[in-house]
Each structure stands twice: as structure tokens, then as C-alpha cells.
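K.L.:
Contents of upload_8.csv (CSV, C-alpha atoms):
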```
chain,number,residue,atom,x,y,z
A,1,MET,CA,169.6,66.5,97.3
A,2,ASN,CA,169.1,62.8,96.4
A,3,ASP,CA,169.8,62.0,92.7
A,4,LEU,CA,167.4,59.1,92.2
A,5,SER,CA,165.5,60.1,89.0
A,6,PHE,CA,165.5,57.9,86.0
A,7,ASP,CA,163.9,60.1,83.4
A,8,ASN,CA,164.9,58.0,80.4
A,9,TYR,CA,163.6,54.7,81.9
A,10,ARG,CA,161.2,52.9,79.5
A,11,GLU,CA,160.8,49.4,81.0
A,12,PRO,CA,157.1,48.6,81.6
A,13,ALA,CA,156.1,48.9,85.2
A,14,ARG,CA,156.4,45.8,87.4
A,15,ARG,CA,155.1,44.6,90.7
A,16,ILE,CA,158.2,43.9,92.7
A,17,LEU,CA,158.8,42.2,96.0
A,18,VAL,CA,162.1,42.9,97.8
A,19,LEU,CA,162.9,40.4,100.6
A,20,ALA,CA,165.4,41.0,103.4
A,21,ASN,CA,165.9,40.1,107.0
A,22,MET,CA,166.7,43.6,108.2
A,23,ALA,CA,165.0,47.0,108.5
A,24,ILE,CA,166.5,49.2,105.8
A,25,TYR,CA,165.2,52.5,107.3
A,26,PRO,CA,166.9,54.5,108.7
A,27,ALA,CA,169.6,53.7,106.1
A,28,ASP,CA,172.4,54.3,108.6
A,29,VAL,CA,174.9,51.7,107.4
A,30,GLY,CA,176.1,50.6,104.0
A,31,ASN,CA,174.0,47.6,103.3
A,32,LYS,CA,170.8,49.3,104.5
A,33,ALA,CA,171.7,52.3,102.3
A,34,ARG,CA,172.2,50.1,99.3
A,35,ILE,CA,168.8,48.4,99.7
A,36,TRP,CA,166.9,51.5,100.6
A,37,THR,CA,168.3,53.4,97.6
A,38,LEU,CA,167.5,50.6,95.3
A,39,VAL,CA,163.9,50.5,96.5
A,40,LYS,CA,163.6,54.3,96.0
A,41,GLN,CA,165.1,54.0,92.5
A,42,LEU,CA,162.7,51.3,91.5
A,43,GLU,CA,159.8,53.4,92.7
A,44,ALA,CA,161.1,56.5,90.9
A,45,ALA,CA,161.1,54.4,87.7
A,46,GLY,CA,157.4,53.8,88.1
A,47,HIS,CA,157.5,50.3,89.5
A,48,GLU,CA,155.2,49.1,92.4
A,49,VAL,CA,157.6,48.0,95.0
A,50,TRP,CA,156.8,46.0,98.2
A,51,PHE,CA,159.3,45.2,100.9
A,52,GLY,CA,159.0,41.9,102.8
A,53,GLY,CA,160.8,41.9,106.1
A,54,LEU,CA,161.8,38.4,107.2
A,55,GLY,CA,162.1,38.0,111.0
A,56,LEU,CA,162.0,41.7,112.0
A,57,ASN,CA,161.5,42.7,115.6
A,58,GLU,CA,158.7,45.0,116.7
A,59,HIS,CA,160.8,48.2,116.8
A,60,ASP,CA,162.3,47.7,113.3
A,61,ALA,CA,158.9,46.7,111.9
A,62,GLY,CA,157.4,49.9,113.2
A,63,LEU,CA,160.1,52.1,111.6
A,64,MET,CA,159.6,50.3,108.3
A,65,ARG,CA,155.9,50.7,108.5
A,66,GLU,CA,156.2,54.4,109.0
A,67,ALA,CA,158.6,54.6,106.1
A,68,LEU,CA,156.8,52.5,103.5
A,69,GLY,CA,153.2,52.3,104.7
A,70,ASP,CA,151.0,49.6,103.1
A,71,ARG,CA,153.9,48.5,100.9
A,72,PHE,CA,155.6,46.9,103.9
A,73,LEU,CA,155.0,43.3,104.7
A,74,CYS,CA,156.5,41.4,107.7
A,75,VAL,CA,157.1,38.1,109.3
A,76,PRO,CA,157.7,38.9,113.0
A,77,SER,CA,160.9,37.8,114.7
A,78,ARG,CA,160.7,34.7,116.8
A,79,PRO,CA,163.3,32.7,118.8
A,80,LEU,CA,164.8,29.9,116.8
A,81,TRP,CA,163.2,27.2,119.1
A,82,LYS,CA,159.8,28.7,118.5
A,83,SER,CA,160.1,29.0,114.7
A,84,GLU,CA,161.5,25.5,114.0
A,85,SER,CA,160.9,22.0,115.4
A,86,LEU,CA,163.1,21.4,118.5
A,87,PRO,CA,165.5,19.0,116.7
A,88,VAL,CA,165.9,21.4,113.8
A,89,ALA,CA,166.4,24.3,116.2
A,90,VAL,CA,169.1,22.5,118.1
A,91,VAL,CA,171.0,21.6,114.9
A,92,LYS,CA,170.7,25.0,113.5
A,93,GLY,CA,171.7,26.7,116.7
A,94,VAL,CA,174.9,24.7,117.0
A,95,ALA,CA,175.7,25.1,113.3
A,96,ILE,CA,175.3,28.9,113.5
A,97,ARG,CA,177.7,29.1,116.4
A,98,LEU,CA,180.3,26.8,114.7
A,99,ALA,CA,180.0,28.7,111.4
A,100,GLY,CA,180.3,32.0,113.1
A,101,ARG,CA,183.8,30.9,114.2
A,102,GLY,CA,184.7,29.5,110.8
A,103,TRP,CA,184.8,26.0,112.1
A,104,ILE,CA,182.3,24.6,109.6
A,105,VAL,CA,180.9,25.6,106.2
A,106,PRO,CA,177.1,25.0,106.6
A,107,ASP,CA,174.3,24.6,104.2
A,108,ILE,CA,173.5,27.7,102.3
A,109,ASP,CA,170.0,27.8,103.8
A,110,LEU,CA,171.1,27.7,107.5
A,111,TRP,CA,170.0,31.3,108.1
A,112,TYR,CA,166.7,30.8,106.4
A,113,ARG,CA,163.7,30.0,108.6
A,114,ASN,CA,161.2,27.3,107.4
A,115,GLU,CA,158.2,29.3,108.7
A,116,TRP,CA,159.0,32.2,106.3
A,117,ASP,CA,157.8,30.1,103.3
A,118,ALA,CA,154.2,30.2,104.3
A,119,ALA,CA,154.2,34.0,104.7
A,120,VAL,CA,156.0,34.6,101.4
A,121,GLN,CA,153.5,32.3,99.6
A,122,GLU,CA,150.6,34.1,101.1
A,123,TRP,CA,152.0,37.5,100.0
A,124,HIS,CA,152.4,36.2,96.5
A,125,ARG,CA,148.9,34.6,96.4
A,126,ARG,CA,147.4,38.0,97.5
A,127,LEU,CA,149.5,40.4,95.4
A,128,ARG,CA,150.7,38.4,92.4
A,129,PHE,CA,154.2,39.7,92.0
A,130,ASP,CA,155.9,39.4,88.6
A,131,THR,CA,159.4,40.1,90.1
A,132,VAL,CA,161.1,39.1,93.3
A,133,MET,CA,164.5,40.2,94.6
A,134,VAL,CA,166.2,38.7,97.6
A,135,GLU,CA,168.9,40.5,99.4
A,136,TYR,CA,172.0,38.2,99.9
A,137,VAL,CA,172.5,34.7,98.5
A,138,PHE,CA,171.9,33.1,101.9
A,139,PHE,CA,168.2,34.0,101.7
A,140,SER,CA,167.9,32.6,98.1
A,141,ARG,CA,165.6,29.8,99.3
A,142,ALA,CA,162.8,32.3,99.3
A,143,LEU,CA,162.9,32.2,95.5
A,144,ARG,CA,161.6,28.6,95.5
A,145,ASN,CA,158.2,30.0,96.5
A,146,PHE,CA,157.8,31.5,93.0
A,147,GLY,CA,157.1,29.8,89.7
A,148,PRO,CA,158.7,30.3,86.3
A,149,ASP,CA,156.3,33.2,85.5
A,150,VAL,CA,158.1,35.3,88.1
A,151,LEU,CA,161.4,36.9,87.4
A,152,LYS,CA,163.8,36.0,90.2
A,153,LEU,CA,166.8,38.1,91.2
A,154,ILE,CA,169.5,38.0,93.9
A,155,ASP,CA,171.1,41.2,95.0
A,156,THR,CA,174.4,39.7,96.2
A,157,HIS,CA,176.2,42.7,97.9
A,158,ASP,CA,179.4,40.7,98.1
A,159,VAL,CA,181.2,37.5,96.9
A,160,PHE,CA,180.9,35.4,100.1
A,161,ALA,CA,182.6,32.2,98.9
A,162,ASP,CA,185.6,31.6,101.1
A,163,ARG,CA,185.4,35.3,102.3
A,164,TYR,CA,185.9,34.1,105.9
A,165,LYS,CA,189.3,32.8,105.0
A,166,LYS,CA,190.5,36.2,104.0
A,167,LEU,CA,189.1,37.7,107.1
A,168,ARG,CA,190.8,35.1,109.3
A,169,LYS,CA,194.1,35.9,107.7
A,170,ASN,CA,193.6,39.5,108.8
A,171,GLY,CA,193.0,38.5,112.4
A,172,ILE,CA,189.2,38.5,112.4
A,173,ARG,CA,187.8,35.5,114.2
A,174,ARG,CA,184.1,36.0,114.3
A,175,PHE,CA,182.0,35.9,111.1
A,176,TRP,CA,178.6,37.0,110.1
A,177,PHE,CA,178.2,34.5,107.3
A,178,VAL,CA,180.3,31.6,106.1
A,179,THR,CA,180.1,29.7,102.8
A,180,ASP,CA,182.2,28.1,100.0
A,181,ARG,CA,182.0,28.2,96.2
A,182,GLN,CA,179.8,25.1,96.0
A,183,GLN,CA,177.2,26.4,98.5
A,184,GLU,CA,177.2,29.9,97.1
A,185,ARG,CA,176.8,28.5,93.5
A,186,ARG,CA,173.8,26.4,94.8
A,187,GLY,CA,172.1,29.6,96.0
A,188,LEU,CA,172.9,31.6,92.9
A,189,GLU,CA,171.4,29.0,90.6
A,190,ARG,CA,168.0,29.7,92.1
A,191,ALA,CA,167.8,33.1,90.4
A,192,ASP,CA,167.3,34.2,86.8
A,193,VAL,CA,169.4,37.3,87.3
A,194,ILE,CA,172.4,37.9,89.6
A,195,VAL,CA,173.0,41.5,90.7
A,196,ALA,CA,176.6,42.3,91.4
A,197,ILE,CA,177.6,45.5,93.1
A,198,GLN,CA,180.8,46.0,91.2
A,199,GLU,CA,182.4,44.6,88.0
A,200,HIS,CA,185.1,42.5,89.6
A,201,GLU,CA,182.5,40.5,91.4
A,202,ALA,CA,180.2,40.3,88.3
A,203,ASN,CA,183.0,38.6,86.5
A,204,HIS,CA,183.4,36.1,89.3
A,205,PHE,CA,179.7,35.3,89.2
A,206,ARG,CA,179.8,34.9,85.4
A,207,HIS,CA,182.4,32.2,85.9
A,208,GLU,CA,180.4,30.4,88.6
A,209,VAL,CA,176.9,30.1,87.1
A,210,LYS,CA,175.2,30.3,83.8
A,211,ARG,CA,172.9,33.1,84.7
A,212,LYS,CA,172.5,36.7,83.5
A,213,VAL,CA,174.7,38.9,85.6
A,214,VAL,CA,174.1,42.6,85.9
A,215,THR,CA,176.5,45.1,87.6
A,216,LEU,CA,174.5,47.6,89.6
A,217,GLY,CA,176.5,49.8,91.9
A,218,HIS,CA,175.2,51.9,94.7
A,219,SER,CA,173.6,55.1,93.5
A,220,VAL,CA,175.1,57.8,95.7
A,221,ARG,CA,173.4,60.8,97.3
A,222,LEU,CA,174.7,64.0,95.6
A,223,GLU,CA,175.0,67.0,97.9
A,224,ARG,CA,177.8,69.6,97.7
A,225,LEU,CA,178.8,70.4,101.3
A,226,PRO,CA,180.6,73.6,102.3
A,227,GLU,CA,184.2,73.3,103.3
A,228,ALA,CA,184.7,72.0,106.8
A,229,PRO,CA,187.2,72.9,109.5
A,230,SER,CA,190.6,72.3,108.0
A,231,GLN,CA,192.0,70.1,110.8
A,232,VAL,CA,189.2,67.5,111.0
A,233,VAL,CA,189.7,64.0,109.6
A,234,GLY,CA,186.5,61.9,109.3
A,235,TYR,CA,185.7,58.2,109.4
A,236,PHE,CA,182.2,56.8,109.1
A,237,GLY,CA,181.2,53.2,109.5
A,238,SER,CA,179.2,50.5,111.2
A,239,GLY,CA,180.5,48.5,114.1
A,240,ASN,CA,181.4,45.3,112.2
A,241,ALA,CA,184.6,43.5,112.9
A,242,ALA,CA,186.4,44.6,109.7
A,243,ASN,CA,185.6,48.3,110.4
A,244,VAL,CA,186.8,48.0,114.0
A,245,GLN,CA,190.0,46.4,113.0
A,246,ALA,CA,190.7,48.9,110.3
A,247,LEU,CA,190.0,51.8,112.6
A,248,GLU,CA,192.1,50.4,115.4
A,249,SER,CA,195.0,49.9,113.0
A,250,PHE,CA,194.6,53.4,111.7
A,251,LEU,CA,194.7,54.8,115.2
A,252,ALA,CA,197.8,52.8,116.1
A,253,GLU,CA,199.8,53.2,112.9
A,254,VAL,CA,198.6,56.2,110.9
A,255,TRP,CA,197.1,58.7,113.3
A,256,PRO,CA,200.3,59.3,115.3
A,257,LEU,CA,202.1,60.2,112.1
A,258,ILE,CA,199.4,62.6,111.1
A,259,ARG,CA,199.5,64.3,114.5
A,260,GLU,CA,203.3,64.8,114.1
A,261,SER,CA,202.6,66.8,110.9
A,262,VAL,CA,199.4,68.4,112.0
A,263,PRO,CA,199.5,68.6,115.8
A,264,ASP,CA,196.0,70.0,116.2
A,265,ALA,CA,194.3,67.5,113.9
A,266,ARG,CA,191.2,65.8,115.3
A,267,LEU,CA,189.5,62.5,114.2
A,268,LEU,CA,185.7,62.5,113.9
A,269,ILE,CA,184.4,58.9,114.1
A,270,GLY,CA,180.7,58.5,113.1
A,271,GLY,CA,178.4,55.5,113.1
A,272,GLY,CA,178.3,52.3,115.1
A,273,VAL,CA,182.1,51.9,115.1
A,274,ALA,CA,182.4,54.9,117.3
A,275,SER,CA,180.8,52.9,120.2
A,276,LYS,CA,183.8,50.5,120.0
A,277,ILE,CA,186.4,53.2,120.6
A,278,GLU,CA,187.4,54.7,123.9
A,279,GLU,CA,187.1,58.4,124.3
A,280,ARG,CA,190.2,60.6,124.3
A,281,PRO,CA,191.0,64.3,123.7
A,282,ASP,CA,192.0,64.0,120.0
A,283,LEU,CA,188.9,62.0,119.0
A,284,GLU,CA,185.3,63.1,118.6
A,285,LEU,CA,182.8,60.2,118.7
A,286,MET,CA,179.4,60.3,117.1
A,287,PRO,CA,177.9,56.8,117.4
A,288,ILE,CA,174.3,57.8,116.6
A,289,VAL,CA,174.0,59.4,113.2
A,290,GLU,CA,170.5,60.2,111.8
A,291,ASP,CA,171.8,61.8,108.6
A,292,PRO,CA,175.3,60.8,107.2
A,293,ALA,CA,175.7,64.5,106.0
A,294,ALA,CA,176.1,65.4,109.7
A,295,VAL,CA,179.5,63.5,109.7
A,296,TYR,CA,180.7,64.6,106.2
A,297,ALA,CA,179.9,68.2,106.8
A,298,ARG,CA,182.3,68.4,109.7
A,299,ALA,CA,185.3,66.7,108.1
A,300,ALA,CA,187.9,68.3,105.8
A,301,VAL,CA,189.0,64.9,104.5
A,302,MET,CA,187.5,61.4,104.9
A,303,VAL,CA,189.5,58.2,105.4
A,304,ASN,CA,188.7,54.6,104.6
A,305,PRO,CA,191.6,52.4,105.9
A,306,MET,CA,189.9,49.1,105.1
A,307,ARG,CA,192.4,46.1,104.9
A,308,VAL,CA,190.0,43.3,104.0
A,309,GLY,CA,186.6,43.0,102.5
A,310,THR,CA,184.6,42.4,99.3
A,311,GLY,CA,181.8,44.2,97.6
A,312,LEU,CA,181.7,48.0,97.1
A,313,LYS,CA,182.8,50.2,100.0
A,314,ILE,CA,179.8,52.4,100.2
A,315,LYS,CA,181.6,54.7,102.7
A,316,SER,CA,184.0,55.5,99.9
A,317,ILE,CA,181.6,56.4,97.1
A,318,GLU,CA,179.3,58.2,99.7
A,319,ALA,CA,182.1,60.5,100.7
A,320,LEU,CA,182.6,61.4,97.0
A,321,GLY,CA,178.9,62.2,96.6
A,322,PHE,CA,179.2,64.8,99.4
A,323,GLY,CA,182.2,66.3,97.6
A,324,ARG,CA,184.6,65.3,100.3
A,325,PRO,CA,188.3,64.6,99.7
A,326,LEU,CA,189.0,60.9,100.4
A,327,VAL,CA,192.1,58.9,101.2
A,328,THR,CA,191.6,55.2,101.1
A,329,THR,CA,193.4,51.9,100.8
A,330,THR,CA,193.3,49.8,97.6
A,331,ILE,CA,190.7,47.5,99.3
A,332,GLY,CA,188.6,50.6,100.1
A,333,ALA,CA,188.7,51.6,96.4
A,334,HIS,CA,187.5,48.3,94.9
A,335,GLY,CA,185.0,49.0,92.2
A,336,LEU,CA,186.0,52.7,92.1
A,337,GLU,CA,189.4,52.3,90.5
A,338,ALA,CA,188.7,54.8,87.6
A,339,GLY,CA,188.7,57.6,90.1
A,340,ALA,CA,192.0,56.8,91.8
A,341,GLY,CA,194.6,59.6,91.8
A,342,HIS,CA,192.2,62.4,90.8
A,343,ALA,CA,188.8,61.9,92.5
A,344,PHE,CA,190.4,60.4,95.6
A,345,LEU,CA,193.9,59.3,96.9
A,346,VAL,CA,195.0,55.7,97.4
A,347,ALA,CA,197.6,54.7,100.0
A,348,ASP,CA,198.2,51.3,101.6
A,349,ASP,CA,201.1,51.6,104.0
A,350,PRO,CA,200.8,53.9,107.1
A,351,PRO,CA,203.5,56.5,106.2
A,352,ALA,CA,202.0,57.0,102.8
A,353,MET,CA,198.5,57.3,104.1
A,354,ALA,CA,199.6,59.7,106.8
A,355,MET,CA,201.4,61.8,104.3
A,356,ALA,CA,198.4,61.9,101.9
A,357,ILE,CA,196.0,63.0,104.7
A,358,ALA,CA,198.4,65.6,106.1
A,359,SER,CA,198.9,67.1,102.6
A,360,VAL,CA,195.1,67.5,102.2
A,361,LEU,CA,194.8,69.1,105.7
A,362,GLN,CA,197.6,71.5,105.0
A,363,SER,CA,196.7,72.7,101.5
A,364,PRO,CA,193.4,74.5,101.0
A,365,ALA,CA,193.9,74.4,97.2
A,366,ARG,CA,194.4,70.6,97.3
A,367,ARG,CA,191.2,70.2,99.3
A,368,VAL,CA,189.2,72.3,96.9
A,369,ALA,CA,190.6,70.4,93.8
A,370,LEU,CA,189.9,67.0,95.3
A,371,ALA,CA,186.5,68.0,96.4
A,372,GLU,CA,185.5,69.1,92.9
A,373,GLU,CA,186.9,66.0,91.3
A,374,ALA,CA,185.2,63.8,93.9
A,375,TYR,CA,181.8,65.3,93.2
A,376,ARG,CA,182.3,65.1,89.4
A,377,PHE,CA,183.2,61.4,89.7
A,378,ALA,CA,180.1,60.7,91.8
A,379,GLU,CA,177.9,62.5,89.3
A,380,SER,CA,179.3,60.4,86.5
A,381,TRP,CA,179.0,57.2,88.6
A,382,ASN,CA,175.3,57.8,89.1
A,383,GLU,CA,174.8,58.5,85.4
A,384,ASP,CA,176.4,55.2,84.5
A,385,LEU,CA,174.0,53.3,86.8
A,386,ARG,CA,170.9,54.5,85.0
A,387,GLY,CA,171.2,51.9,82.1
A,388,ALA,CA,172.1,49.1,84.5
A,389,LEU,CA,168.7,49.3,86.3
A,390,ASP,CA,166.9,49.0,83.0
A,391,SER,CA,168.8,45.7,82.2
A,392,LEU,CA,167.6,44.0,85.4
A,393,PHE,CA,164.2,43.1,84.0
A,394,THR,CA,165.1,41.2,80.8
A,395,ASN,CA,162.2,39.1,79.6
A,396,GLN,CA,162.3,35.6,81.0
A,397,GLN,CA,162.2,34.0,77.6
A,398,SER,CA,165.6,35.5,76.7
A,399,LEU,CA,167.4,34.3,79.8
A,400,ALA,CA,167.8,30.8,78.4
A,401,ALA,CA,170.2,32.2,75.8
A,402,VAL,CA,172.5,33.8,78.4
```
Rewrite the structure from the file as C-alpha cells, please.
P.N.:
Amino acid sequence: MNDLSFDNYREPARRILVLANMAIYPADVGNKARIWTLVKQLEAAGHEVWFGGLGLNEHDAGLMREALGDRFLCVPSRPLWKSESLPVAVVKGVAIRLAGRGWIVPDIDLWYRNEWDAAVQEWHRRLRFDTVMVEYVFFSRALRNFGPDVLKLIDTHDVFADRYKKLRKNGIRRFWFVTDRQQERRGLERADVIVAIQEHEANHFRHEVKRKVVTLGHSVRLERLPEAPSQVVGYFGSGNAANVQALESFLAEVWPLIRESVPDARLLIGGGVASKIEERPDLELMPIVEDPAAVYARAAVMVNPMRVGTGLKIKSIEALGFGRPLVTTTIGAHGLEAGAGHAFLVADDPPAMAMAIASVLQSPARRVALAEEAYRFAESWNEDLRGALDSLFTNQQSLAAV
């Protein structure tokens, strides 16, 4: 079942606009799951939530309309050269390509389209929102369409300042988004409240800007799954560069060691990352996943071998919510450190990770114990999030004192 209820919530109901440049349904990757779950939590708390899709294609807009009905608003996707003047389109197009290779740090608003302002202003004129939340700091310009009577929030997902430098050191050369501390700070200062996905990043934001910062992790789906075949290891993730790199390294350095100890072990790979891997007898690839439970239900132990990244690794907490034993790196456990050693196992070098996974595969008692601790940790995690949602909507008058 989905544990999204907030029975003790007492904040007055608000009319909230959530803005993002992606369809969040189906919630088949981590960032979509984060936003979709947040929308559902706000609705469960009694708020009137509208979702504004910025630049969605027709297919994605159709899925969102089916999921949210009249509460879905949309600016249709258009080519850059149609949505901007020709000179602006040329400059932005070149800058996006240069930034995507880490050759320049562009303006924080590079990915924002000027034409979106008119649509956002019209939505607000018609519906009079009292709260607006943008997903990601690089769409923070949308907040400039709202006056001081509207509470403005940024759901950050990650610390992006200089993140590309860490990725580059780990061999990743193509980047989704590039910024530095100065540009990120400029975007953050447009908000009244900064939402961090884990406490380490909340502390970073508190040092960067004089704004209220609230830590709101990802509320995880709780569903105890029956024990799976004892020789199946699972990995679930999107096809982004960091996931592909982590999985390829795992296959090269860790998986052969596991197969030495457990010769009939199989690796189940679910999500978009599966489409990046060649088929072979010891792998089972599931690139299209309508329900994450379909992956978790078939794995005796889940692995998250991430070597680089920021934010909260939703694939890690999600595995715990399904009561699955998890073996992860330190990076994969960021924000979840309280559960290390009992709710999940942490191993960074290949031999240690292989040994940990093999020990779970070979010991039914260990699997049962880890599964129980994983589920308990996820239950406690969800409970801790209930108060954090309440604190998002502090009265604007008190923000000046923060």
C-alpha cells in the first residue's frame, strides 16, 4: 500500500501550483517519483494542488491529463527557435551544448523559456494561487511571476553547484545541468522557502542563502513483499550517465566475484538503465517497468553501486520500503546513514561489496533479518517526514526573521 496519509496535519488548506518541465506520471524514475509523491501528500493533507507542466510534449501531456484531470495545466513543447527570438534561440542553443559538456557555466535561467511567463501569469490570474513550488533551482525564474502575497518554494532535489566537476572526476563527460555556487545562489534567493531532500544538503543551503530551509525527504511506498528467489540480485534505475557508469563498473568489478561464490546468481536490471546493457545469460533485462514492485518482488537483495551523485538516492530508500535487503555504497546511502549496518549494508570496494551480497544470497536467516530491519527503517522514515511537510507553509510574515 502507499503510506501517504497525514492524519495529524493541521495547516490550513492552500491552493498550490507545482511547476516542472517533465511529466511526473507514470512515476517510473526517482525524480518523477519524488514530485508525484509530494503532490499526492499535499492533496492528502487537504490542499488544492495544481500541476503546471512547462514544455511538455503531447504524449506526456496526455498521460498527465489522465492522471490529474482538471488540475493539470500545460505549456506545450515547442522547438527553441519557435519559442524564442532567433538571436536568443541561437545563443541559448550554443550555450546549452557547451554547458552540457562542462565547457561553460551558463546563466541560471538558460533552461527557462521566456514564453512560459505569459502562461504562468494567466494561470495565476485565473486561479489565484497562494503558494507556488518550482521543481529544481534552474526553473526558479518562474517565481518572478508571483508577488509577495504568494509563498514561493523551490524543491531543490540536489545541490547542483559544481556538481559537474565531481561527475567529470568520475569519468562522466556529458551533463544534464551545470552551474556554480554564485548562479545557484541567485536562483535560491528568489524563493521564500528552500526544500532540501536530505539534511546534508539543507546545511549547505543554510550557509548559502538567508532563507528558511526545510528538509523534506522522499516519502516511500510501504509494501512488504514475499521472499524472492534466493539467487537473484536486483538493480533498478533510470538510464542517466551516473547510473550507467555505476552499473558497468559493478558488472566489471563486483559481479564476477559474486558469481565465484554463488555460480548460479542472476542479475535483474530494471528501468531505463537496462536498455544500455547488452543481453547475456546471467542477466535479466527489464527496461520497461510500470510498477517498481515488479522488480523488487523478484530480487532477494537489491544493490546500489553509485560512485558519484548528490541528493537522496531514491532507489535506496525505495528498496527498504519494499522490505528488501540492500547493499549500497556510501554515496548510495547519503541521507540514510542512520540505517547503515542494520537496515542495509554499506560497502565501497568491489571485494567487500561482493562479499556482502554473497552473504545475503547464501543465508536465508540474514535475508529475513535485513528485510525486517529495512521495512522498520522505512516506516520510521515516513513517520519523521510528517512534521516536515507541515513546516513548509510558514506564514510569510515570519520569514523575515529567518
K.L.:
A:Ile357, A:Leu54, A:Cys74, A:Leu86: which is nearest A:Val254, counting only C-alpha atoms?
P.N.:
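Going through A:Ile357, A:Leu54, A:Cys74, A:Leu86 one by one, the smallest distance to A:Val254 is for A:Ile357.
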K.L.:
When you look at A:Arg71 with a cut-off of 9 Å (counting all atoms listed in the file), what residues show up, excluding the ones that are within fewer than 2 positions of it in the same chain? I need them as a PDB file with C-alpha atoms, keeping the file's coordinate frame.
P.N.:
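Result file follows (part_6.pdb):
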```pdb
ATOM      1  CA  GLU A  48     155.200  49.100  92.400  1.00  0.00           C
ATOM      2  CA  VAL A  49     157.600  48.000  95.000  1.00  0.00           C
ATOM      3  CA  TRP A  50     156.800  46.000  98.200  1.00  0.00           C
ATOM      4  CA  PHE A  51     159.300  45.200 100.900  1.00  0.00           C
ATOM      5  CA  GLY A  52     159.000  41.900 102.800  1.00  0.00           C
ATOM      6  CA  ARG A  65     155.900  50.700 108.500  1.00  0.00           C
ATOM      7  CA  LEU A  68     156.800  52.500 103.500  1.00  0.00           C
ATOM      8  CA  GLY A  69     153.200  52.300 104.700  1.00  0.00           C
ATOM      9  CA  LEU A  73     155.000  43.300 104.700  1.00  0.00           C
TER      10      LEU A  73
END
```
K.L.:
Excluding A:Leu151 and residues on its chain fewer than 6 positions from it, collect all residues at most 7 Å away from it, counting all atoms listed in the file, and give them as a CSV table (one decimal) with C-alpha atoms, in the coordinates of the input.
P.N.:
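The new file result_0.csv reads:
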```csv
chain,number,residue,atom,x,y,z
A,130,ASP,CA,155.9,39.4,88.6
A,131,THR,CA,159.4,40.1,90.1
A,132,VAL,CA,161.1,39.1,93.3
A,192,ASP,CA,167.3,34.2,86.8
A,396,GLN,CA,162.3,35.6,81.0
```
K.L.:
Could you check the closest approach to A:Val273 for each of A:Val244, A:Leu389, A:Val137, A:Ala294 and tell me which residue wins, using all atoms listed in the file?
P.N.:
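Result for the nearest residue to A:Val273: A:Val244.
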K.L.:
With all atoms listed in the file as the counted atoms, please give the residues lying no more than 12 Å from A:Ala161, apart from itself and same-chain residues fewer than 5 positions off, as an mmCIF file with C-alpha atoms, keeping the file's coordinate frame.
P.N.:
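The new file selection33.cif reads:
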```cif
data_model
loop_
_atom_site.group_PDB
_atom_site.id
_atom_site.type_symbol
_atom_site.label_atom_id
_atom_site.label_comp_id
_atom_site.auth_asym_id
_atom_site.auth_seq_id
_atom_site.Cartn_x
_atom_site.Cartn_y
_atom_site.Cartn_z
ATOM 1 C CA VAL A 105 180.900 25.600 106.200
ATOM 2 C CA PRO A 106 177.100 25.000 106.600
ATOM 3 C CA ILE A 108 173.500 27.700 102.300
ATOM 4 C CA VAL A 137 172.500 34.700 98.500
ATOM 5 C CA PHE A 138 171.900 33.100 101.900
ATOM 6 C CA THR A 156 174.400 39.700 96.200
ATOM 7 C CA LYS A 166 190.500 36.200 104.000
ATOM 8 C CA LEU A 167 189.100 37.700 107.100
ATOM 9 C CA PHE A 177 178.200 34.500 107.300
ATOM 10 C CA VAL A 178 180.300 31.600 106.100
ATOM 11 C CA THR A 179 180.100 29.700 102.800
ATOM 12 C CA ASP A 180 182.200 28.100 100.000
ATOM 13 C CA ARG A 181 182.000 28.200 96.200
ATOM 14 C CA GLN A 182 179.800 25.100 96.000
ATOM 15 C CA GLN A 183 177.200 26.400 98.500
ATOM 16 C CA GLU A 184 177.200 29.900 97.100
ATOM 17 C CA ARG A 185 176.800 28.500 93.500
ATOM 18 C CA ARG A 186 173.800 26.400 94.800
ATOM 19 C CA GLY A 187 172.100 29.600 96.000
ATOM 20 C CA LEU A 188 172.900 31.600 92.900
ATOM 21 C CA GLU A 201 182.500 40.500 91.400
ATOM 22 C CA HIS A 204 183.400 36.100 89.300
ATOM 23 C CA PHE A 205 179.700 35.300 89.200
ATOM 24 C CA GLU A 208 180.400 30.400 88.600
ATOM 25 C CA THR A 310 184.600 42.400 99.300
#
```
K.L.:
Closest to A:Gly321 among A:Ala378, A:Leu267, A:Ala369, A:Val232, using all atoms listed in the file?
P.N.:
A:Ala378
K.L.:
Write out as a CSV table (one decimal) with C-alpha atoms, keeping the file's coordinate frame which residues come within 9 Å of stretch 120-127 of chain A when counting all atoms listed in the file, dropping same-chain ones fewer than 5 positions away.
P.N.:
```
chain,number,residue,atom,x,y,z
A,15,ARG,CA,155.1,44.6,90.7
A,17,LEU,CA,158.8,42.2,96.0
A,52,GLY,CA,159.0,41.9,102.8
A,73,LEU,CA,155.0,43.3,104.7
A,75,VAL,CA,157.1,38.1,109.3
A,142,ALA,CA,162.8,32.3,99.3
A,145,ASN,CA,158.2,30.0,96.5
A,146,PHE,CA,157.8,31.5,93.0
```
K.L.:
Give me the residues near A:Phe139 as a list in words, where near means some atom within 9 Å (using only C-alpha atoms) and where sequence neighbours in that chain fewer than 5 positions away do not count.
P.N.:
Leu19, Ala20, Asn21, Ile108, Asp109, Trp111, Tyr112, Val134, Ile154 and Gly187 of chain A
